[in-house]
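**Student:** Here it is, the structure in full.
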Amino acid sequence: MVRMIMHGCGGAMGQTITELASKQQDLKIAAGVDKNDTVSRPYPVYTSLEACREEADVIVDFAAAGAVDHLLEYCADRKLPLVLCTTGLSEEQIAKVKEASEKVAILRSANMSLGINLLLKLVKEAAGTLAAAGFDMEIVEKHHNQKLDAPSGTALALADSINEALDQAYHYQYDRSARHEKRDEKEIGISAVRGGSIVGEHDVIFAGKDEVITFSHAAYSKAIFAKGAMEAAKFLAGKPAGLYNMADVIG
């Protein structure tokens, strides 16, 4: 039985994971941490990590970027593995993640969905063949109208996966409104759509002469991210120090 601490248990993802974890046979939430002292969950909830007294094998984080620095220090000091799901980290924070991973196991992913992480592998393989054949590559992502960042971290991760297969030879183009020139053959276009309650949709388009191949993924609820986070927690518990990602979970 893997025992986890839910960091940011008062948020929407914290609630979703709490509900799904209650049905797991091999994982349970031992305690939660949330700065809101009115949060009620079917396990002890604390306003700080230091106040938590329950034993745990891993922490799953869906809090806020501002809380990540302290979280990394806490996990590194106690050698407590961390599934880091919070997005929007600064370059300095990403460097701290790498530094902390030298002391403790950390799994970080731009998207916890098992499907998206399989997609990352597929587009990387496709790019190696199609780019050489002259295909243009475009990514279109769609999210709800409350999302703050654009493009999404997942769209950037997809672009990075493609670019990795192409020896980092491509650059990213986010906006063409100020340009009056034809498309650069060495660009990956990334477009963001914001509207309604779209949970998350990503299309990776490979457009060649007389044919188009599109890889698509649609998220219909936050449950897919919660399921991925729990699978990551089971995977990471007991692992040696190092930086892991969801590709390690899906194999």
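Labeling convention for the structure tokens: chains A, B, ... as they appear, residues from 1 per chain, ligands from 1 in order of appearance.
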Give me every helix (DSSP H, G or I) residue in range 134-221 of chain A, going by DSSP on the backbone, as a PyMOL selection string.

**Tutor:** chain A and resi 153-165

**Student:** I want to know what sits within 6 Å of range 194-207 of chain A, based on only C-alpha atoms, with residues of the same chain fewer than 5 positions away left out; could you give that as a PDB file with N, CA, C and O atoms, in the first residue's frame?

**Tutor:**
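Generated output (result-v9.pdb):
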ATOM      1  N   PHE A 135       7.245  17.809 -44.546  1.00  0.00           N
ATOM      2  CA  PHE A 135       5.982  18.130 -43.881  1.00  0.00           C
ATOM      3  C   PHE A 135       6.156  19.325 -42.951  1.00  0.00           C
ATOM      4  O   PHE A 135       7.157  19.425 -42.232  1.00  0.00           O
ATOM      5  N   ASP A 136       5.185  20.237 -42.975  1.00  0.00           N
ATOM      6  CA  ASP A 136       5.136  21.332 -42.000  1.00  0.00           C
ATOM      7  C   ASP A 136       4.457  20.820 -40.736  1.00  0.00           C
ATOM      8  O   ASP A 136       3.582  19.945 -40.788  1.00  0.00           O
ATOM      9  N   MET A 137       4.822  21.415 -39.593  1.00  0.00           N
ATOM     10  CA  MET A 137       4.281  20.945 -38.313  1.00  0.00           C
ATOM     11  C   MET A 137       3.633  22.089 -37.549  1.00  0.00           C
ATOM     12  O   MET A 137       4.243  23.142 -37.359  1.00  0.00           O
ATOM     13  N   GLU A 138       2.399  21.864 -37.148  1.00  0.00           N
ATOM     14  CA  GLU A 138       1.629  22.861 -36.410  1.00  0.00           C
ATOM     15  C   GLU A 138       0.956  22.198 -35.211  1.00  0.00           C
ATOM     16  O   GLU A 138       0.518  21.048 -35.290  1.00  0.00           O
ATOM     17  N   ILE A 139       0.875  22.943 -34.127  1.00  0.00           N
ATOM     18  CA  ILE A 139       0.197  22.460 -32.920  1.00  0.00           C
ATOM     19  C   ILE A 139      -0.910  23.452 -32.563  1.00  0.00           C
ATOM     20  O   ILE A 139      -0.669  24.653 -32.480  1.00  0.00           O
ATOM     21  N   VAL A 140      -2.117  22.929 -32.371  1.00  0.00           N
ATOM     22  CA  VAL A 140      -3.255  23.757 -31.959  1.00  0.00           C
ATOM     23  C   VAL A 140      -3.766  23.220 -30.630  1.00  0.00           C
ATOM     24  O   VAL A 140      -4.101  22.032 -30.518  1.00  0.00           O
ATOM     25  N   GLU A 141      -3.785  24.066 -29.616  1.00  0.00           N
ATOM     26  CA  GLU A 141      -4.304  23.646 -28.304  1.00  0.00           C
ATOM     27  C   GLU A 141      -5.503  24.480 -27.915  1.00  0.00           C
ATOM     28  O   GLU A 141      -5.571  25.675 -28.225  1.00  0.00           O
ATOM     29  N   LYS A 142      -6.474  23.837 -27.244  1.00  0.00           N
ATOM     30  CA  LYS A 142      -7.703  24.499 -26.830  1.00  0.00           C
ATOM     31  C   LYS A 142      -7.951  24.233 -25.348  1.00  0.00           C
ATOM     32  O   LYS A 142      -7.853  23.096 -24.891  1.00  0.00           O
ATOM     33  N   HIS A 143      -8.272  25.310 -24.621  1.00  0.00           N
ATOM     34  CA  HIS A 143      -8.570  25.188 -23.197  1.00  0.00           C
ATOM     35  C   HIS A 143      -9.693  26.141 -22.801  1.00  0.00           C
ATOM     36  O   HIS A 143     -10.074  27.026 -23.579  1.00  0.00           O
ATOM     37  N   HIS A 144     -10.166  25.974 -21.596  1.00  0.00           N
ATOM     38  CA  HIS A 144     -11.257  26.787 -21.052  1.00  0.00           C
ATOM     39  C   HIS A 144     -10.851  28.256 -20.923  1.00  0.00           C
ATOM     40  O   HIS A 144      -9.665  28.606 -20.956  1.00  0.00           O
ATOM     41  N   ASN A 145     -11.849  29.103 -20.766  1.00  0.00           N
ATOM     42  CA  ASN A 145     -11.591  30.550 -20.769  1.00  0.00           C
ATOM     43  C   ASN A 145     -11.010  31.082 -19.467  1.00  0.00           C
ATOM     44  O   ASN A 145     -10.756  32.285 -19.352  1.00  0.00           O
ATOM     45  N   VAL A 212      -2.342  15.204 -45.181  1.00  0.00           N
ATOM     46  CA  VAL A 212      -2.220  15.744 -43.830  1.00  0.00           C
ATOM     47  C   VAL A 212      -2.419  14.612 -42.826  1.00  0.00           C
ATOM     48  O   VAL A 212      -3.372  13.828 -42.947  1.00  0.00           O
ATOM     49  N   ILE A 213      -1.538  14.538 -41.852  1.00  0.00           N
ATOM     50  CA  ILE A 213      -1.664  13.573 -40.759  1.00  0.00           C
ATOM     51  C   ILE A 213      -1.833  14.356 -39.471  1.00  0.00           C
ATOM     52  O   ILE A 213      -1.037  15.249 -39.172  1.00  0.00           O
ATOM     53  N   THR A 214      -2.879  14.044 -38.703  1.00  0.00           N
ATOM     54  CA  THR A 214      -3.154  14.759 -37.463  1.00  0.00           C
ATOM     55  C   THR A 214      -3.232  13.789 -36.287  1.00  0.00           C
ATOM     56  O   THR A 214      -3.963  12.797 -36.342  1.00  0.00           O
ATOM     57  N   PHE A 215      -2.475  14.083 -35.250  1.00  0.00           N
ATOM     58  CA  PHE A 215      -2.568  13.342 -33.997  1.00  0.00           C
ATOM     59  C   PHE A 215      -3.388  14.200 -33.031  1.00  0.00           C
ATOM     60  O   PHE A 215      -3.071  15.380 -32.837  1.00  0.00           O
ATOM     61  N   SER A 216      -4.414  13.623 -32.436  1.00  0.00           N
ATOM     62  CA  SER A 216      -5.304  14.406 -31.564  1.00  0.00           C
ATOM     63  C   SER A 216      -5.479  13.740 -30.206  1.00  0.00           C
ATOM     64  O   SER A 216      -5.507  12.502 -30.099  1.00  0.00           O
ATOM     65  N   HIS A 217      -5.612  14.589 -29.205  1.00  0.00           N
ATOM     66  CA  HIS A 217      -5.957  14.115 -27.863  1.00  0.00           C
ATOM     67  C   HIS A 217      -6.956  15.083 -27.251  1.00  0.00           C
ATOM     68  O   HIS A 217      -6.764  16.296 -27.317  1.00  0.00           O
ATOM     69  N   ALA A 218      -8.022  14.543 -26.671  1.00  0.00           N
ATOM     70  CA  ALA A 218      -9.036  15.372 -26.012  1.00  0.00           C
ATOM     71  C   ALA A 218      -9.247  14.878 -24.592  1.00  0.00           C
ATOM     72  O   ALA A 218      -9.423  13.678 -24.360  1.00  0.00           O
ATOM     73  N   ALA A 219      -9.204  15.795 -23.655  1.00  0.00           N
ATOM     74  CA  ALA A 219      -9.487  15.484 -22.253  1.00  0.00           C
ATOM     75  C   ALA A 219     -10.918  15.924 -21.949  1.00  0.00           C
ATOM     76  O   ALA A 219     -11.286  17.065 -22.207  1.00  0.00           O
ATOM     77  N   TYR A 220     -11.718  15.023 -21.414  1.00  0.00           N
ATOM     78  CA  TYR A 220     -13.109  15.345 -21.127  1.00  0.00           C
ATOM     79  C   TYR A 220     -13.372  15.614 -19.646  1.00  0.00           C
ATOM     80  O   TYR A 220     -14.444  16.091 -19.286  1.00  0.00           O
TER      81      TYR A 220
END

**Student:** With a distance cut-off of 8 Å and only C-alpha atoms, select the neighbouring residues of Ala159 in chain A, excluding the residue or stretch itself and same-chain residues fewer than 2 positions from it, and output the selection as number ranges by chain.

**Tutor:** A: 139, 155-157, 161-163, 172, 188

**Student:** I need the chosen residues saved as a JSON list (two decimals), in the first residue's frame, with C-alpha atoms.

**Tutor:**
[["chain", "number", "residue", "atom", "x", "y", "z"],
["A", 139, "ILE", "CA", 0.20, 22.46, -32.92],
["A", 155, "ALA", "CA", 1.66, 22.20, -26.34],
["A", 156, "LEU", "CA", 5.22, 23.25, -25.56],
["A", 157, "ALA", "CA", 6.07, 19.72, -24.43],
["A", 161, "SER", "CA", 9.37, 16.31, -28.25],
["A", 162, "ILE", "CA", 9.22, 16.96, -31.98],
["A", 163, "ASN", "CA", 12.25, 19.25, -31.88],
["A", 172, "TYR", "CA", 8.60, 28.02, -32.43],
["A", 188, "ILE", "CA", 6.77, 24.75, -35.56]]

**Student:** Tell me which of A:Ile59, A:Ala110, A:Ala126, A:Leu243 sits closest to Gly88 in chain A, counting only C-alpha atoms.

**Tutor:**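 When distances to Gly88 in chain A are compared using only C-alpha atoms, the smallest one comes from A:Ala110.
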
**Student:** Quick one: of A:Thr47, A:Leu166, A:Gly242, A:Gly228, who's nearest to Thr129 in chain A, counting only C-alpha atoms?

**Tutor:**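 So, comparing all the options, the nearest one is A:Leu166.
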
**Student:** Hey, what's within 8 Å of Leu27 in chain A if we count only C-alpha atoms and toss same-chain stuff fewer than 6 positions away? As a list in words, please?

**Tutor:**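 Once the adjacent positions are removed, what remains is Met1, Val2, Arg3, Met4, Ala21, Met230 and Lys234 of chain A.
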
**Student:** What is the distance, in Å and to one decimal place, between CA of Arg78 in chain A and CA of Ala241 in chain A?

**Tutor:**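 One can read the CA of Arg78 in chain A to CA of Ala241 in chain A distance as 12.0 Å.
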
**Student:** Record the distance separating CA of Gly128 in chain A and CA of Thr87 in chain A, expressed in Å with one decimal.

**Tutor:**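 A separation of 28.0 Å between them.
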